[in-house]
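Visitor: Below is the file my_file.pdb, which contains PDB, C-alpha atoms.
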```
ATOM      1  CA  MET A  22       8.857  18.966  63.344
ATOM      2  CA  LEU A  23       5.830  20.450  65.084
ATOM      3  CA  LEU A  24       4.671  22.067  61.857
ATOM      4  CA  THR A  25       5.109  18.748  60.054
ATOM      5  CA  VAL A  26       3.038  16.915  62.664
ATOM      6  CA  LEU A  27       0.358  19.589  62.702
ATOM      7  CA  GLY A  28       0.345  19.670  58.923
ATOM      8  CA  GLY A  29      -0.056  15.919  58.832
ATOM      9  CA  LEU A  30      -2.945  16.031  61.296
ATOM     10  CA  PHE A  31      -4.641  18.760  59.305
ATOM     11  CA  PHE A  32      -4.208  16.782  56.101
ATOM     12  CA  SER A  33      -5.661  13.622  57.668
ATOM     13  CA  SER A  34      -8.611  15.561  59.055
ATOM     14  CA  SER A  35      -9.294  17.104  55.655
ATOM     15  CA  VAL A  36      -9.198  13.758  53.921
ATOM     16  CA  ALA A  37     -11.499  12.206  56.522
ATOM     17  CA  ALA A  38     -14.003  15.027  56.020
ATOM     18  CA  GLU A  39     -14.349  14.339  52.316
ATOM     19  CA  PRO A  40     -17.409  12.258  51.397
ATOM     20  CA  LEU A  41     -17.006   8.691  50.215
ATOM     21  CA  ARG A  42     -17.871   8.229  46.554
ATOM     22  CA  LEU A  43     -20.524   5.575  45.979
ATOM     23  CA  GLY A  44     -20.555   4.568  42.323
ATOM     24  CA  VAL A  45     -23.892   3.202  41.057
ATOM     25  CA  PHE A  46     -23.980   1.560  37.646
ATOM     26  CA  PRO A  47     -26.480   3.324  35.339
ATOM     27  CA  TYR A  48     -29.494   1.024  35.541
ATOM     28  CA  ILE A  49     -31.977   3.759  36.456
ATOM     29  CA  SER A  50     -32.213   7.504  35.932
ATOM     30  CA  PRO A  51     -30.419   9.904  38.313
ATOM     31  CA  ALA A  52     -33.757  10.979  39.830
ATOM     32  CA  GLN A  53     -34.769   7.374  40.471
ATOM     33  CA  MET A  54     -31.341   6.663  41.896
ATOM     34  CA  VAL A  55     -31.722   9.418  44.474
ATOM     35  CA  GLU A  56     -35.266   8.361  45.330
ATOM     36  CA  GLN A  57     -34.663   4.633  45.639
ATOM     37  CA  LEU A  58     -31.110   4.435  46.959
ATOM     38  CA  SER A  59     -31.042   7.315  49.461
ATOM     39  CA  PRO A  60     -31.981   5.034  52.405
ATOM     40  CA  LEU A  61     -29.081   2.742  51.494
ATOM     41  CA  ARG A  62     -26.731   5.701  51.101
ATOM     42  CA  GLN A  63     -27.700   6.850  54.594
ATOM     43  CA  ARG A  64     -27.125   3.345  55.985
ATOM     44  CA  LEU A  65     -23.652   3.313  54.453
ATOM     45  CA  ALA A  66     -22.883   6.761  55.850
ATOM     46  CA  THR A  67     -23.960   5.721  59.349
ATOM     47  CA  ALA A  68     -21.992   2.479  59.276
ATOM     48  CA  LEU A  69     -18.818   4.073  57.886
ATOM     49  CA  GLU A  70     -19.198   7.321  59.853
ATOM     50  CA  ARG A  71     -18.583   9.324  56.699
ATOM     51  CA  GLU A  72     -20.756  11.303  54.369
ATOM     52  CA  VAL A  73     -21.516   9.325  51.203
ATOM     53  CA  GLU A  74     -22.273  10.870  47.822
ATOM     54  CA  MET A  75     -23.750   8.928  44.907
ATOM     55  CA  LEU A  76     -22.148   9.085  41.476
ATOM     56  CA  SER A  77     -22.836   7.225  38.256
ATOM     57  CA  ALA A  78     -21.812   7.228  34.594
ATOM     58  CA  PRO A  79     -23.520   7.825  31.232
ATOM     59  CA  ASP A  80     -23.238   4.169  30.154
ATOM     60  CA  PHE A  81     -22.089   0.722  31.244
ATOM     61  CA  MET A  82     -18.569   0.848  29.820
ATOM     62  CA  THR A  83     -17.809   4.291  31.206
ATOM     63  CA  PHE A  84     -18.834   3.024  34.630
ATOM     64  CA  VAL A  85     -16.568  -0.038  34.271
ATOM     65  CA  GLU A  86     -13.660   2.191  33.239
ATOM     66  CA  ARG A  87     -14.212   4.663  36.083
ATOM     67  CA  GLN A  88     -14.366   1.870  38.641
ATOM     68  CA  ALA A  89     -11.113   0.412  37.327
ATOM     69  CA  ALA A  90      -9.500   3.872  37.440
ATOM     70  CA  GLY A  91     -10.371   4.312  41.116
ATOM     71  CA  HIS A  92     -13.066   6.978  40.773
ATOM     72  CA  TYR A  93     -15.250   5.275  43.408
ATOM     73  CA  ASP A  94     -14.672   4.273  47.043
ATOM     74  CA  LEU A  95     -17.426   1.654  46.909
ATOM     75  CA  VAL A  96     -19.897   0.596  44.246
ATOM     76  CA  ILE A  97     -23.322  -0.866  43.602
ATOM     77  CA  THR A  98     -22.859  -2.760  40.382
ATOM     78  CA  ALA A  99     -24.210  -5.429  38.063
ATOM     79  CA  PRO A 100     -23.124  -9.059  38.490
ATOM     80  CA  HIS A 101     -20.853  -9.322  35.439
ATOM     81  CA  MET A 102     -19.339  -5.886  36.104
ATOM     82  CA  GLY A 103     -18.647  -6.893  39.688
ATOM     83  CA  ARG A 104     -17.134 -10.207  38.647
ATOM     84  CA  LEU A 105     -14.785  -8.455  36.219
ATOM     85  CA  ALA A 106     -13.735  -5.942  38.890
ATOM     86  CA  GLN A 107     -13.166  -8.769  41.394
ATOM     87  CA  GLN A 108     -11.035 -10.903  39.105
ATOM     88  CA  ARG A 109      -9.142  -8.172  37.277
ATOM     89  CA  ASP A 110      -8.735  -5.442  39.904
ATOM     90  CA  GLY A 111      -9.215  -7.189  43.241
ATOM     91  CA  TRP A 112     -12.480  -5.479  44.230
ATOM     92  CA  GLN A 113     -14.061  -7.212  47.229
ATOM     93  CA  PRO A 114     -17.770  -8.115  47.400
ATOM     94  CA  VAL A 115     -19.375  -6.942  50.642
ATOM     95  CA  VAL A 116     -22.965  -8.135  50.107
ATOM     96  CA  ILE A 117     -25.102  -9.258  47.174
ATOM     97  CA  SER A 118     -28.830  -8.898  46.576
ATOM     98  CA  SER A 119     -31.087 -11.900  46.943
ATOM     99  CA  GLN A 120     -32.852 -10.704  43.794
ATOM    100  CA  GLN A 121     -31.539 -12.457  40.694
ATOM    101  CA  THR A 122     -31.434 -11.098  37.164
ATOM    102  CA  ALA A 123     -33.721 -12.916  34.766
ATOM    103  CA  THR A 124     -35.235 -12.198  31.368
ATOM    104  CA  VAL A 125     -38.726 -12.395  29.979
ATOM    105  CA  ILE A 126     -39.421 -12.350  26.250
ATOM    106  CA  LEU A 127     -42.776 -10.696  25.631
ATOM    107  CA  VAL A 128     -45.235 -10.507  22.749
ATOM    108  CA  ARG A 129     -48.598  -8.846  22.260
ATOM    109  CA  ALA A 130     -51.443 -10.769  23.845
ATOM    110  CA  ASP A 131     -53.103 -11.214  20.436
ATOM    111  CA  ALA A 132     -49.916 -12.279  18.592
ATOM    112  CA  ASP A 133     -49.930 -15.626  16.765
ATOM    113  CA  ILE A 134     -46.638 -16.613  18.409
ATOM    114  CA  THR A 135     -46.406 -19.448  20.916
ATOM    115  CA  ARG A 136     -42.786 -20.614  20.510
ATOM    116  CA  LEU A 137     -39.417 -18.843  20.331
ATOM    117  CA  GLU A 138     -38.741 -20.498  16.974
ATOM    118  CA  GLN A 139     -41.540 -18.381  15.485
ATOM    119  CA  LEU A 140     -39.452 -15.235  16.019
ATOM    120  CA  LYS A 141     -37.244 -16.144  13.052
ATOM    121  CA  GLY A 142     -37.216 -13.302  10.554
ATOM    122  CA  ARG A 143     -38.937 -10.961  12.996
ATOM    123  CA  ARG A 144     -37.809  -8.100  15.202
ATOM    124  CA  LEU A 145     -37.006  -8.231  18.925
ATOM    125  CA  ALA A 146     -36.834  -5.042  21.010
ATOM    126  CA  VAL A 147     -33.994  -5.009  23.549
ATOM    127  CA  GLY A 148     -32.156  -2.606  25.832
ATOM    128  CA  ASN A 149     -28.401  -2.466  26.391
ATOM    129  CA  TRP A 150     -26.656  -5.363  24.623
ATOM    130  CA  ARG A 151     -24.006  -5.436  27.352
ATOM    131  CA  SER A 152     -26.608  -6.272  30.002
ATOM    132  CA  VAL A 153     -27.174  -9.708  31.502
ATOM    133  CA  THR A 154     -30.837  -9.334  30.499
ATOM    134  CA  TYR A 155     -29.903  -9.099  26.823
ATOM    135  CA  LEU A 156     -27.459 -11.978  27.072
ATOM    136  CA  LEU A 157     -30.016 -14.261  28.724
ATOM    137  CA  ALA A 158     -32.414 -13.506  25.866
ATOM    138  CA  ALA A 159     -29.694 -14.331  23.338
ATOM    139  CA  ARG A 160     -29.008 -17.609  25.177
ATOM    140  CA  ALA A 161     -32.700 -18.569  25.035
ATOM    141  CA  LEU A 162     -32.877 -17.849  21.315
ATOM    142  CA  ASN A 163     -29.682 -19.811  20.677
ATOM    143  CA  ALA A 164     -31.249 -22.799  22.416
ATOM    144  CA  ALA A 165     -34.127 -22.460  19.948
ATOM    145  CA  GLY A 166     -31.693 -22.410  17.026
ATOM    146  CA  LEU A 167     -31.850 -18.652  16.441
ATOM    147  CA  GLU A 168     -29.134 -15.979  16.420
ATOM    148  CA  LEU A 169     -29.816 -12.377  17.431
ATOM    149  CA  GLY A 170     -28.818  -9.978  14.663
ATOM    150  CA  ASP A 171     -29.005 -12.778  12.097
ATOM    151  CA  ASP A 172     -32.141 -14.912  12.358
ATOM    152  CA  VAL A 173     -33.852 -12.327  14.581
ATOM    153  CA  GLN A 174     -33.520  -8.596  13.939
ATOM    154  CA  VAL A 175     -32.564  -6.408  16.888
ATOM    155  CA  LEU A 176     -34.353  -3.166  17.724
ATOM    156  CA  GLU A 177     -32.378  -1.144  20.258
ATOM    157  CA  THR A 178     -34.494   0.922  22.645
ATOM    158  CA  ALA A 179     -33.229   3.667  24.906
ATOM    159  CA  THR A 180     -33.922   1.630  28.056
ATOM    160  CA  PHE A 181     -35.566  -1.648  28.993
ATOM    161  CA  SER A 182     -38.590   0.394  30.084
ATOM    162  CA  ASN A 183     -39.158   1.207  26.413
ATOM    163  CA  VAL A 184     -39.347  -2.430  25.316
ATOM    164  CA  VAL A 185     -43.056  -2.809  26.108
ATOM    165  CA  ALA A 186     -43.855   0.478  24.366
ATOM    166  CA  ALA A 187     -41.988  -0.688  21.255
ATOM    167  CA  ILE A 188     -44.086  -3.878  21.150
ATOM    168  CA  LEU A 189     -47.359  -2.010  21.609
ATOM    169  CA  ALA A 190     -46.359   0.522  18.945
ATOM    170  CA  GLY A 191     -45.723  -2.269  16.457
ATOM    171  CA  GLU A 192     -42.018  -1.490  16.135
ATOM    172  CA  ALA A 193     -41.197  -5.067  17.170
ATOM    173  CA  VAL A 194     -43.258  -8.235  17.500
ATOM    174  CA  ALA A 195     -41.422  -9.235  20.685
ATOM    175  CA  GLY A 196     -39.188  -7.748  23.341
ATOM    176  CA  ALA A 197     -36.786  -8.832  26.062
ATOM    177  CA  THR A 198     -36.854  -7.082  29.417
ATOM    178  CA  PRO A 199     -35.841  -7.890  33.014
ATOM    179  CA  THR A 200     -38.257  -9.722  35.293
ATOM    180  CA  LEU A 201     -37.300  -7.024  37.805
ATOM    181  CA  LEU A 202     -39.161  -4.533  35.612
ATOM    182  CA  TRP A 203     -41.884  -6.745  34.119
ATOM    183  CA  ASP A 204     -43.079  -8.238  37.404
ATOM    184  CA  GLN A 205     -43.837  -4.717  38.657
ATOM    185  CA  TRP A 206     -45.502  -3.594  35.431
ATOM    186  CA  SER A 207     -49.018  -4.474  36.578
ATOM    187  CA  HIS A 208     -48.671  -2.045  39.486
ATOM    188  CA  VAL A 209     -47.329   0.745  37.307
ATOM    189  CA  TYR A 210     -49.178   0.264  33.993
ATOM    190  CA  PRO A 211     -51.904  -2.383  34.543
ATOM    191  CA  GLU A 212     -53.727  -1.664  31.272
ATOM    192  CA  GLU A 213     -50.571  -2.171  29.233
ATOM    193  CA  LYS A 214     -49.715  -5.402  31.011
ATOM    194  CA  ARG A 215     -53.075  -6.870  29.973
ATOM    195  CA  ARG A 216     -52.109  -6.285  26.338
ATOM    196  CA  ILE A 217     -48.819  -8.176  26.664
ATOM    197  CA  ARG A 218     -48.055 -11.792  27.537
ATOM    198  CA  GLU A 219     -44.950 -13.795  28.332
ATOM    199  CA  LEU A 220     -43.486 -16.042  25.674
ATOM    200  CA  PHE A 221     -40.437 -17.087  27.689
ATOM    201  CA  ARG A 222     -38.986 -16.617  31.194
ATOM    202  CA  ALA A 223     -35.369 -17.535  31.954
ATOM    203  CA  PRO A 224     -35.269 -20.243  34.622
ATOM    204  CA  PRO A 225     -33.007 -19.991  37.683
ATOM    205  CA  PRO A 226     -30.273 -19.967  38.715
ATOM    206  CA  ASN A 227     -29.213 -16.597  37.331
ATOM    207  CA  PRO A 228     -26.653 -14.030  38.532
ATOM    208  CA  HIS A 229     -27.607 -11.950  41.549
ATOM    209  CA  SER A 230     -28.755  -8.567  40.274
ATOM    210  CA  PHE A 231     -26.785  -6.223  42.536
ATOM    211  CA  LEU A 232     -23.389  -6.352  44.236
ATOM    212  CA  LEU A 233     -22.042  -3.879  46.763
ATOM    213  CA  MET A 234     -18.245  -3.888  46.613
ATOM    214  CA  MET A 235     -15.185  -2.153  48.044
ATOM    215  CA  PRO A 236     -11.750  -1.828  46.395
ATOM    216  CA  ALA A 237      -8.779  -4.105  46.990
ATOM    217  CA  ALA A 238      -7.238  -1.600  49.421
ATOM    218  CA  ALA A 239     -10.221  -1.720  51.826
ATOM    219  CA  ASP A 240      -9.255  -3.358  55.124
ATOM    220  CA  GLN A 241     -11.056  -6.461  56.300
ATOM    221  CA  ALA A 242     -12.272  -4.872  59.540
ATOM    222  CA  THR A 243     -14.106  -2.149  57.585
ATOM    223  CA  ILE A 244     -15.611  -4.701  55.210
ATOM    224  CA  ASP A 245     -16.760  -6.905  58.099
ATOM    225  CA  HIS A 246     -18.321  -3.961  59.934
ATOM    226  CA  LEU A 247     -20.137  -2.706  56.839
ATOM    227  CA  ARG A 248     -21.278  -6.216  55.938
ATOM    228  CA  GLY A 249     -22.773  -6.732  59.393
ATOM    229  CA  SER A 250     -24.660  -3.450  59.168
ATOM    230  CA  LEU A 251     -26.077  -4.246  55.720
ATOM    231  CA  LEU A 252     -27.076  -7.797  56.597
ATOM    232  CA  ALA A 253     -29.126  -6.359  59.474
ATOM    233  CA  PHE A 254     -30.676  -3.587  57.358
ATOM    234  CA  HIS A 255     -33.898  -5.543  56.745
ATOM    235  CA  ARG A 256     -34.719  -5.334  60.470
ATOM    236  CA  ASP A 257     -35.116  -1.544  60.349
ATOM    237  CA  PRO A 258     -38.266   0.144  58.990
ATOM    238  CA  ALA A 259     -36.066   2.190  56.643
ATOM    239  CA  GLY A 260     -34.480  -1.010  55.362
ATOM    240  CA  GLN A 261     -37.827  -2.721  54.860
ATOM    241  CA  ALA A 262     -39.076   0.220  52.821
ATOM    242  CA  PHE A 263     -35.841   0.264  50.823
ATOM    243  CA  PHE A 264     -36.016  -3.418  49.873
ATOM    244  CA  GLN A 265     -39.653  -3.106  48.839
ATOM    245  CA  GLU A 266     -39.040  -0.059  46.670
ATOM    246  CA  SER A 267     -35.735  -1.137  45.111
ATOM    247  CA  ASN A 268     -36.569  -4.841  44.606
ATOM    248  CA  PHE A 269     -33.170  -5.836  46.005
ATOM    249  CA  GLU A 270     -35.289  -8.237  48.170
ATOM    250  CA  SER A 271     -32.566  -8.558  50.854
ATOM    251  CA  PHE A 272     -28.815  -8.610  51.283
ATOM    252  CA  GLN A 273     -26.913 -11.844  51.708
ATOM    253  CA  LEU A 274     -23.326 -12.991  52.063
ATOM    254  CA  PRO A 275     -21.389 -13.258  48.797
ATOM    255  CA  SER A 276     -19.978 -16.635  47.854
ATOM    256  CA  GLU A 277     -17.722 -17.868  45.092
ATOM    257  CA  GLU A 278     -20.606 -19.934  43.749
ATOM    258  CA  ALA A 279     -22.857 -16.866  43.539
ATOM    259  CA  MET A 280     -20.133 -14.727  41.965
ATOM    260  CA  ALA A 281     -19.355 -17.419  39.388
ATOM    261  CA  LEU A 282     -22.919 -17.272  38.045
ATOM    262  CA  ALA A 283     -21.836 -14.112  36.190
ATOM    263  CA  ASP A 284     -18.811 -15.713  34.518
ATOM    264  CA  PRO A 285     -20.540 -16.485  31.175
ATOM    265  CA  PHE A 286     -21.455 -12.805  30.747
ATOM    266  CA  VAL A 287     -18.190 -10.985  31.552
ATOM    267  CA  TYR A 288     -16.877 -11.163  27.983
ATOM    268  CA  VAL A 289     -19.203  -8.391  26.749
ATOM    269  CA  LEU A 290     -17.333  -5.898  28.942
ATOM    270  CA  LEU A 291     -13.963  -6.622  27.349
ATOM    271  CA  PRO A 292     -12.530  -4.187  24.760
ATOM    272  CA  GLU A 293     -12.669  -6.667  21.883
ATOM    273  CA  SER A 294     -16.362  -7.426  22.382
ATOM    274  CA  SER A 295     -18.821  -6.201  19.754
ATOM    275  CA  GLY A 296     -22.587  -5.921  19.664
ATOM    276  CA  PRO A 297     -25.138  -7.744  17.509
ATOM    277  CA  SER A 298     -24.309  -7.717  13.827
ATOM    278  CA  GLU A 299     -27.581  -6.181  12.684
ATOM    279  CA  THR A 300     -29.530  -3.624  14.698
ATOM    280  CA  SER A 301     -31.978  -0.815  14.175
ATOM    281  CA  LYS A 302     -32.967   1.983  16.499
ATOM    282  CA  SER A 303     -36.370   2.561  18.025
ATOM    283  CA  SER A 304     -38.263   5.465  16.497
ATOM    284  CA  GLY A 305     -38.885   6.767  19.985
ATOM    285  CA  ALA A 306     -41.543   4.640  21.654
ATOM    286  CA  SER A 307     -40.898   5.322  25.293
ATOM    287  CA  ARG A 308     -42.257   5.042  28.764
ATOM    288  CA  PRO A 309     -40.793   6.546  31.916
ATOM    289  CA  ALA A 310     -39.267   3.805  34.032
ATOM    290  CA  GLY A 311     -41.335   2.928  37.064
ATOM    291  CA  LYS A 312     -38.804   0.483  38.512
ATOM    292  CA  PRO A 313     -35.096  -0.235  38.242
ATOM    293  CA  GLU A 314     -33.630  -1.879  35.172
ATOM    294  CA  GLU A 315     -30.786  -4.344  34.708
TER     295      GLU A 315
END
```
I need this file expressed as structure tokens, please.

Guide:
Amino acid sequence: MLLTVLGGLFFSSSVAAEPLRLGVFPYISPAQMVEQLSPLRQRLATALEREVEMLSAPDFMTFVERQAAGHYDLVITAPHMGRLAQQRDGWQPVVISSQQTATVILVRADADITRLEQLKGRRLAVGNWRSVTYLLAARALNAAGLELGDDVQVLETATFSNVVAAILAGEAVAGATPTLLWDQWSHVYPEEKRRIRELFRAPPPNPHSFLLMMPAAADQATIDHLRGSLLAFHRDPAGQAFFQESNFESFQLPSEEAMALADPFVYVLLPESSGPSETSKSSGASRPAGKPEE
């Protein structure tokens, strides 16, 4: 009996010593993830009194599958991914970012295009078709009577950071990218921003860009404690620097209304979903990402 008790205590101690696995959906490169999210990782570790390690996945769907399979103890995820995990697997939202996902459709400053309807028969550069950014662009074009992959050709770029480069290189006459990225472009590449102008910007409300979630098995006391710590993060110098660098803006309480904003976009994460009917690949126009992408 003594050996059983001691063995049980040793096992519990070993489990407690293992770091918590923070899954981060692949919206930025691993190097950017470490640079931008390390202050948040440290805040989580302090609040939970456990070491926290950051993990990700090579693409959106692999991340969704790993989260569903229990590979992560908590996650930072996109709004539609979080909504799917909440409704299908019982994942619990802890906090959401004040920053909302929105899309801008861009053209060259000297382009003879002033309306979305003029994109018919032309090529639009986009990033991941399973992103909310892409879907908001498709919604805007639909409202103008156009269908991506049919009326408007799709040029897939490696990341949303490459959209501007594809426009400037003449690979596409227009491109869709997140406001999260575009609004920071003048600070990162001011000369390039002067050569590009906005054709369209998705109006609010839009889904909140980032959700921090814990699995169904997480107890309410832990969630409440972590939530309180994160909601107060903006008061610390480290938190202020984090929000400025990451563009999360601030953390706020999740609500059903906020979570439901992602409902129209969840379908692209389901197995039967397929991408645009007609796409081509970028020849390689690229630009290192200066800010996060969604």

Visitor: Identify all residues satisfying the PyMOL selection byres ((chain A and resi 220-236) around 6) in the given file; provide them as a ChimeraX atom specification.

Guide: /A:95-100,112-118,120-127,219,237-239,282-283

Visitor: Please, what distance in Å, to one decimal, runs between atom CA of Ala193 of chain A and atom CA of Arg143 of chain A?

Guide: 7.6 Å

Visitor: Restricting the calculation to all atoms listed in the file: of A:Leu43, A:Leu169, A:Leu252, A:Val153, which residue gets closest to His92 of chain A?

Guide: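 Selected residue with least distance to His92 of chain A: A:Leu43.
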
Visitor: What does the distance from atom CA of Phe84 of chain A to atom CA of Phe46 of chain A come to in Å, to one decimal?

Guide: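 Calculated distance between atom CA of Phe84 of chain A and atom CA of Phe46 of chain A is 6.1 Å.
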
Visitor: Would you mind telling me which residue in A:Thr243, A:Gln108, A:Asn163, A:Asn268 lies nearest to Gln205 of chain A when using only C-alpha atoms?

Guide: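 Among A:Thr243, A:Gln108, A:Asn163, A:Asn268, it is A:Asn268 that comes nearest to Gln205 of chain A.
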
Visitor: For Asn183 of chain A, which residue out of A:Ile49, A:Ala146, A:Tyr155, A:Asp204 is the nearest one, using all atoms listed in the file?

Guide: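 Closest residue, counting all atoms listed in the file: A:Ala146.
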
Visitor: Closest to Phe269 of chain A among A:Ser77, A:Ser119, A:Thr83, A:Gln63, using all atoms listed in the file?

Guide: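 The answer is A:Ser119, which sits nearest to Phe269 of chain A.
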
Visitor: From the list A:Thr67, A:Gln57, A:Gln88, A:Thr198, which residue is nearest Leu157 of chain A when using all atoms listed in the file?

Guide: A:Thr198

Visitor: Fewer than 6 positions away in the same chain doesn't count, so skip those; otherwise give me all residues within 10 Å of Leu251 of chain A, counting only C-alpha atoms, as a list in words.

Guide: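 Within the cut-off, the hits are Leu61, Arg64, Leu65, Ala68, Val115, Val116, Ile117, Leu233, Asp245, Gly260, Ser271, Phe272, Gln273 and Leu274 of chain A.
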
Visitor: Which residue out of A:Ile244, A:Leu189, A:Leu41, A:Ala158 has the minimum interatomic distance to Arg218 of chain A when all atoms listed in the file are used?

Guide: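 Looking at the shortest contact to Arg218 of chain A, the residue is A:Leu189.
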
Visitor: Atom CA of Asp284 of chain A and atom CA of Ala242 of chain A, how far apart in Å?

Guide: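 That distance, rounded to one decimal, is 28.0 Å.
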
Visitor: Please identify all polymer residues within 12 Å of Pro79 of chain A, counting all atoms listed in the file, omitting same-chain residues fewer than 5 positions from it, and present them as a PyMOL selection string.

Guide: chain A and resi 44-51+84-87

Visitor: Translate the PyMOL selection byres ((chain A and resi 194) around 12), as applied to the file shown, into an explicit residue set as number ranges by chain.

Guide: A: 126-134, 137, 139-147, 173-176, 184-193, 195-197, 217-218, 220

Visitor: Please produce a file of the residues just selected, as an mmCIF file, in the frame of the given file, where the atoms kept are C-alpha atoms.

Guide:
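As a result, out.cif now contains:
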```cif
data_model
loop_
_atom_site.group_PDB
_atom_site.id
_atom_site.type_symbol
_atom_site.label_atom_id
_atom_site.label_comp_id
_atom_site.auth_asym_id
_atom_site.auth_seq_id
_atom_site.Cartn_x
_atom_site.Cartn_y
_atom_site.Cartn_z
ATOM 1 C CA ILE A 126 -39.421 -12.350 26.250
ATOM 2 C CA LEU A 127 -42.776 -10.696 25.631
ATOM 3 C CA VAL A 128 -45.235 -10.507 22.749
ATOM 4 C CA ARG A 129 -48.598 -8.846 22.260
ATOM 5 C CA ALA A 130 -51.443 -10.769 23.845
ATOM 6 C CA ASP A 131 -53.103 -11.214 20.436
ATOM 7 C CA ALA A 132 -49.916 -12.279 18.592
ATOM 8 C CA ASP A 133 -49.930 -15.626 16.765
ATOM 9 C CA ILE A 134 -46.638 -16.613 18.409
ATOM 10 C CA LEU A 137 -39.417 -18.843 20.331
ATOM 11 C CA GLN A 139 -41.540 -18.381 15.485
ATOM 12 C CA LEU A 140 -39.452 -15.235 16.019
ATOM 13 C CA LYS A 141 -37.244 -16.144 13.052
ATOM 14 C CA GLY A 142 -37.216 -13.302 10.554
ATOM 15 C CA ARG A 143 -38.937 -10.961 12.996
ATOM 16 C CA ARG A 144 -37.809 -8.100 15.202
ATOM 17 C CA LEU A 145 -37.006 -8.231 18.925
ATOM 18 C CA ALA A 146 -36.834 -5.042 21.010
ATOM 19 C CA VAL A 147 -33.994 -5.009 23.549
ATOM 20 C CA VAL A 173 -33.852 -12.327 14.581
ATOM 21 C CA GLN A 174 -33.520 -8.596 13.939
ATOM 22 C CA VAL A 175 -32.564 -6.408 16.888
ATOM 23 C CA LEU A 176 -34.353 -3.166 17.724
ATOM 24 C CA VAL A 184 -39.347 -2.430 25.316
ATOM 25 C CA VAL A 185 -43.056 -2.809 26.108
ATOM 26 C CA ALA A 186 -43.855 0.478 24.366
ATOM 27 C CA ALA A 187 -41.988 -0.688 21.255
ATOM 28 C CA ILE A 188 -44.086 -3.878 21.150
ATOM 29 C CA LEU A 189 -47.359 -2.010 21.609
ATOM 30 C CA ALA A 190 -46.359 0.522 18.945
ATOM 31 C CA GLY A 191 -45.723 -2.269 16.457
ATOM 32 C CA GLU A 192 -42.018 -1.490 16.135
ATOM 33 C CA ALA A 193 -41.197 -5.067 17.170
ATOM 34 C CA ALA A 195 -41.422 -9.235 20.685
ATOM 35 C CA GLY A 196 -39.188 -7.748 23.341
ATOM 36 C CA ALA A 197 -36.786 -8.832 26.062
ATOM 37 C CA ILE A 217 -48.819 -8.176 26.664
ATOM 38 C CA ARG A 218 -48.055 -11.792 27.537
ATOM 39 C CA LEU A 220 -43.486 -16.042 25.674
#
```

Visitor: Within 8 Å of (-38.1, 4.8, 47.4) in the file's own coordinates, which protein, DNA or RNA residues have an atom, counting only C-alpha atoms? List them as a ChimeraX atom specification.

Guide: /A:56-60,262-263,266-267

Visitor: Using the chain letters and numbers from the file, give me the residues hit by the PyMOL selection byres ((chain A and resi 72) around 8), as a list in words.

Guide: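 Evaluating the PyMOL selection byres ((chain A and resi 72) around 8) on this file yields Ala38, Glu39, Pro40, Leu41, Ala66, Glu70, Arg71, Val73 and Glu74 of chain A.
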
Visitor: To test the calculation: enclose all listed atoms of segment 88-105 of chain A in a box whose edges run along x, y and z, add 4 Å on each side, then state centre and edge lengths in Å to one decimal, as JSON.

Guide:
```
{"center_x": -16.9, "center_y": -1.6, "center_z": 41.2, "size_x": 22.7, "size_y": 25.2, "size_z": 19.6}
```
